[in-house]
Structures are given as structure tokens and as C-alpha cells.
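The next block holds one structure in the form of C-alpha cells; read it before the comments.
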Amino acid sequence: MPWWSWRPGSSGDNERESGEVAVQSTVRVGVPAQREPERSAMSSADLSTIDEPEQVAPVDLTRIGKALDLLDIRFLADGGGSLLAMWERHAVLFTLEGPDDEILVMRARPHATVPPDWADRAYRVVNEWNHTRRFCKAYVGDPTERGQLPIYAELQVPLASGAHDALLVEMIDCGAAVATSFVDWLHDEGALL
């Protein structure tokens, strides 16, 4: 059975009355050989500054702050349980959400906003990003006090089981890098900001 579902109204000689589609294939798929994961950009010296990298522990703001420090990402603590890192064209909020603060949320927002008469264009551009990208799902936010539309990209990772320090650093590095790519894309190829 293929991974896609049969849809009523489709045509073809391989349809069955039960709603299943018979698929014939002469392609043999082998199991790929397992490969060693590539090392991240961090050196072993960087990893040695992480306390006990093998230990899985609950994720909290202190650990997120240490990961940001290790990545040389400067941030501010807002006092309300969030850390805010700012770049030239955008900011990224790092926080924990969920009933037990078990979901790591990285929410990027470009400093530039969209005028309300560009709302349709903003939705089209955001949808294009979402259809062509895997990480950071984008959305158009509610109008600001001045009536402008903010654009967001968000990555949420459930971490109720905890995480190794090295994995937490890698996730935060990925979130920050994709946020920068998103904002650059909005200014260049997306032509929205």
C-alpha cells in the first residue's frame, strides 16, 4: 500500500472497488547503510565547557541561557521567564511554554512590519515559506498598536523527557540560524520587508 491515500474521483486502471489502489513497481528499495553523524561546528573544547554532556536533564531557562552563552549569542532576560536575543534585523525569543514548561519555543520576529494593505501579500509570502521549508513555521501576527502586521517564525520542541546539554545547544543553534535565514529570505527572495 503506498503512503498516500486513495481519493474518490481519481482515475486509473489500477483502482479497486474497495477504495484501494493497486500499485505495481519494479523498483527494489534497499536499506541504506548507516552513516556516522557529522560533527557540529562546535569543537570538542567547546563541548568540554558543558557540564556532564552525557546526562539528560530537564530543560530550564538557566540551561537555555548557558547554551546561548556557549554559542556567543547575547541575550536579555525579561524577568517573565523569557530570554530575548536581538540581531540587526530581527529578535528571537527563547522561552518555555506548556502546562509544565516542557516545550522549548524559539519565536523570531523581524523588526520591520507590514502595512495593513499588504495583508494578502503577507499571507501569500508566509504560506510560501511554510510550504517550502521544514523548520520554523511562519505566521502573520495580530496588528500592532499602529495597525502594522508583524511577521513571526516559530519552532517548538517538546522536551518533557529532558535533553543532553549538547543537544540543547544544537537545537538553539539551529533555531537561531533558521530565524536569520527566514528574515533574510523575507527581505530578499520573499520581497515582503
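Just remember, in the C-alpha cells the first chain shown is A, the second B, etc., residues are 1-based per chain, and ligands are 1-based in the order shown.
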Could you give me, as a short mmCIF file (atom, residue, chain, number, x, y, z; two decimals) with N, CA and C atoms, in the first residue's frame, each residue of region 21-192 of chain A that DSSP assigns to strand (DSSP E or B) when run on this structure's backbone?
data_model
loop_
_atom_site.label_atom_id
_atom_site.label_comp_id
_atom_site.auth_asym_id
_atom_site.auth_seq_id
_atom_site.Cartn_x
_atom_site.Cartn_y
_atom_site.Cartn_z
N VAL A 21 -5.89 1.30 -4.04
CA VAL A 21 -5.21 1.45 -5.32
C VAL A 21 -4.09 0.41 -5.37
N ALA A 57 18.81 15.97 31.36
CA ALA A 57 18.24 16.74 32.47
C ALA A 57 17.08 17.57 31.95
N PHE A 75 21.98 37.95 25.05
CA PHE A 75 20.53 37.97 25.29
C PHE A 75 20.21 38.77 26.54
N LEU A 76 18.94 39.12 26.64
CA LEU A 76 18.41 39.80 27.81
C LEU A 76 17.35 38.91 28.45
N ALA A 77 17.26 38.93 29.76
CA ALA A 77 16.19 38.21 30.46
C ALA A 77 15.10 39.22 30.74
N SER A 82 11.44 34.58 30.00
CA SER A 82 11.86 34.51 28.60
C SER A 82 13.22 35.16 28.44
N LEU A 83 13.95 34.71 27.43
CA LEU A 83 15.23 35.29 27.08
C LEU A 83 15.09 35.86 25.67
N LEU A 84 15.60 37.05 25.45
CA LEU A 84 15.46 37.72 24.17
C LEU A 84 16.82 38.05 23.60
N ALA A 85 17.08 37.54 22.40
CA ALA A 85 18.32 37.82 21.68
C ALA A 85 17.97 38.72 20.51
N MET A 86 18.80 39.74 20.27
CA MET A 86 18.49 40.69 19.20
C MET A 86 19.63 40.74 18.19
N HIS A 90 16.26 41.43 13.31
CA HIS A 90 15.24 40.63 13.98
C HIS A 90 15.62 40.34 15.43
N ALA A 91 14.65 39.80 16.15
CA ALA A 91 14.86 39.35 17.52
C ALA A 91 14.31 37.93 17.63
N VAL A 92 14.88 37.15 18.55
CA VAL A 92 14.39 35.80 18.80
C VAL A 92 14.13 35.66 20.29
N LEU A 93 12.93 35.22 20.60
CA LEU A 93 12.52 34.96 21.97
C LEU A 93 12.74 33.48 22.25
N PHE A 94 13.44 33.16 23.31
CA PHE A 94 13.65 31.79 23.76
C PHE A 94 12.89 31.64 25.06
N THR A 95 11.95 30.72 25.11
CA THR A 95 11.14 30.56 26.32
C THR A 95 10.67 29.12 26.44
N LEU A 96 10.05 28.82 27.56
CA LEU A 96 9.45 27.52 27.79
C LEU A 96 7.96 27.72 27.96
N GLU A 97 7.18 26.93 27.27
CA GLU A 97 5.72 27.03 27.35
C GLU A 97 5.15 25.65 27.60
N ILE A 103 7.95 22.71 26.79
CA ILE A 103 8.09 22.95 25.35
C ILE A 103 9.04 24.13 25.14
N LEU A 104 10.16 23.84 24.50
CA LEU A 104 11.11 24.90 24.13
C LEU A 104 10.54 25.63 22.92
N VAL A 105 10.36 26.94 23.06
CA VAL A 105 9.82 27.76 21.97
C VAL A 105 10.88 28.78 21.58
N MET A 106 11.15 28.83 20.28
CA MET A 106 12.04 29.85 19.71
C MET A 106 11.20 30.62 18.70
N ARG A 107 10.90 31.87 19.01
CA ARG A 107 9.99 32.68 18.19
C ARG A 107 10.75 33.89 17.66
N ALA A 108 10.88 33.95 16.35
CA ALA A 108 11.60 35.04 15.69
C ALA A 108 10.61 36.08 15.19
N ARG A 109 11.02 37.34 15.28
CA ARG A 109 10.20 38.42 14.74
C ARG A 109 11.10 39.46 14.10
N PRO A 110 10.93 39.69 12.80
CA PRO A 110 11.68 40.78 12.18
C PRO A 110 11.28 42.12 12.82
N VAL A 114 4.60 44.94 8.33
CA VAL A 114 3.94 45.05 7.03
C VAL A 114 2.72 45.96 7.18
N LYS A 137 7.90 27.49 11.42
CA LYS A 137 6.66 27.77 10.72
C LYS A 137 6.32 29.24 10.93
N ALA A 138 6.00 29.90 9.85
CA ALA A 138 5.78 31.35 9.87
C ALA A 138 4.30 31.67 9.94
N TYR A 139 4.00 32.83 10.48
CA TYR A 139 2.62 33.30 10.52
C TYR A 139 2.59 34.82 10.62
N VAL A 140 1.46 35.38 10.23
CA VAL A 140 1.23 36.82 10.33
C VAL A 140 0.53 37.06 11.67
N LEU A 149 1.31 44.93 10.59
CA LEU A 149 1.26 43.48 10.79
C LEU A 149 2.67 42.93 11.04
N ILE A 151 5.39 39.86 11.47
CA ILE A 151 5.58 38.53 10.90
C ILE A 151 6.41 37.73 11.91
N TYR A 152 6.04 36.49 12.12
CA TYR A 152 6.73 35.62 13.07
C TYR A 152 7.14 34.32 12.39
N ALA A 153 8.17 33.70 12.94
CA ALA A 153 8.53 32.32 12.61
C ALA A 153 8.79 31.64 13.95
N GLU A 154 8.27 30.44 14.11
CA GLU A 154 8.33 29.80 15.41
C GLU A 154 8.72 28.34 15.28
N LEU A 155 9.53 27.89 16.20
CA LEU A 155 9.93 26.49 16.29
C LEU A 155 9.64 26.05 17.71
N GLN A 156 8.87 24.96 17.86
CA GLN A 156 8.53 24.42 19.16
C GLN A 156 9.04 22.99 19.25
N VAL A 157 9.72 22.68 20.36
CA VAL A 157 10.26 21.35 20.56
C VAL A 157 9.82 20.86 21.93
N PRO A 158 9.01 19.78 21.98
CA PRO A 158 8.62 19.24 23.29
C PRO A 158 9.80 18.51 23.94
N ALA A 163 16.86 16.76 27.98
CA ALA A 163 17.79 16.75 26.86
C ALA A 163 19.22 16.82 27.38
#
**Study point:** Neighbour list for Trp118 (chain A) as a list in words, cut-off 10 Å, only C-alpha atoms, skip fewer than 3 positions in-chain
**Key:** Val114, Pro115, Arg121, Ala122, Tyr123, Gln148, Leu149 and Leu192 of chain A
**Study point:** Separation of CA of Met171 (chain A) from CA of Gly81 (chain A), in Å and rounded to one decimal
**Key:**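 Going from CA of Met171 (chain A) over to CA of Gly81 (chain A), I get 18.9 Å.
Here the alpha helix (DSSP H) residues in region 163-192 of chain A, by DSSP on the backbone, are Asp165, Ala166, Leu167, Leu168, Val169, Glu170, Met171, Ile172, Asp173, Cys174, Gly175, Ala176, Ala177, Val178, Ala179, Thr180, Ser181, Phe182, Val183, Asp184, Trp185, Leu186 and His187 of chain A.
Take the candidates A:Cys174, A:Leu71, A:Leu159, A:Val169 and check each one against Phe135 (chain A) using only C-alpha atoms; the shortest distance goes to A:Cys174.
Nearest-residue note for Arg134 (chain A): choosing from A:Gly80, A:Gly175, A:Gly65, A:Pro116, the minimum distance belongs to A:Gly175, counting only C-alpha atoms.
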Point to revise | For His111 (chain A), the nearest of the candidates A:Asp142, A:Ala67, A:Glu128, A:Glu88, counting only C-alpha atoms | key: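 Selected residue with least distance to His111 (chain A): A:Glu88.
Shortest separation to Phe182 (chain A) among A:Thr62, A:Asn130, A:Thr113, A:Thr144 occurs at residue A:Asn130, atoms counted being only C-alpha atoms.
The nearest approach to Ala112 (chain A) among the residues A:Arg146, A:Arg63, A:Arg74, A:Arg89, with only C-alpha atoms taken into account, belongs to A:Arg89.
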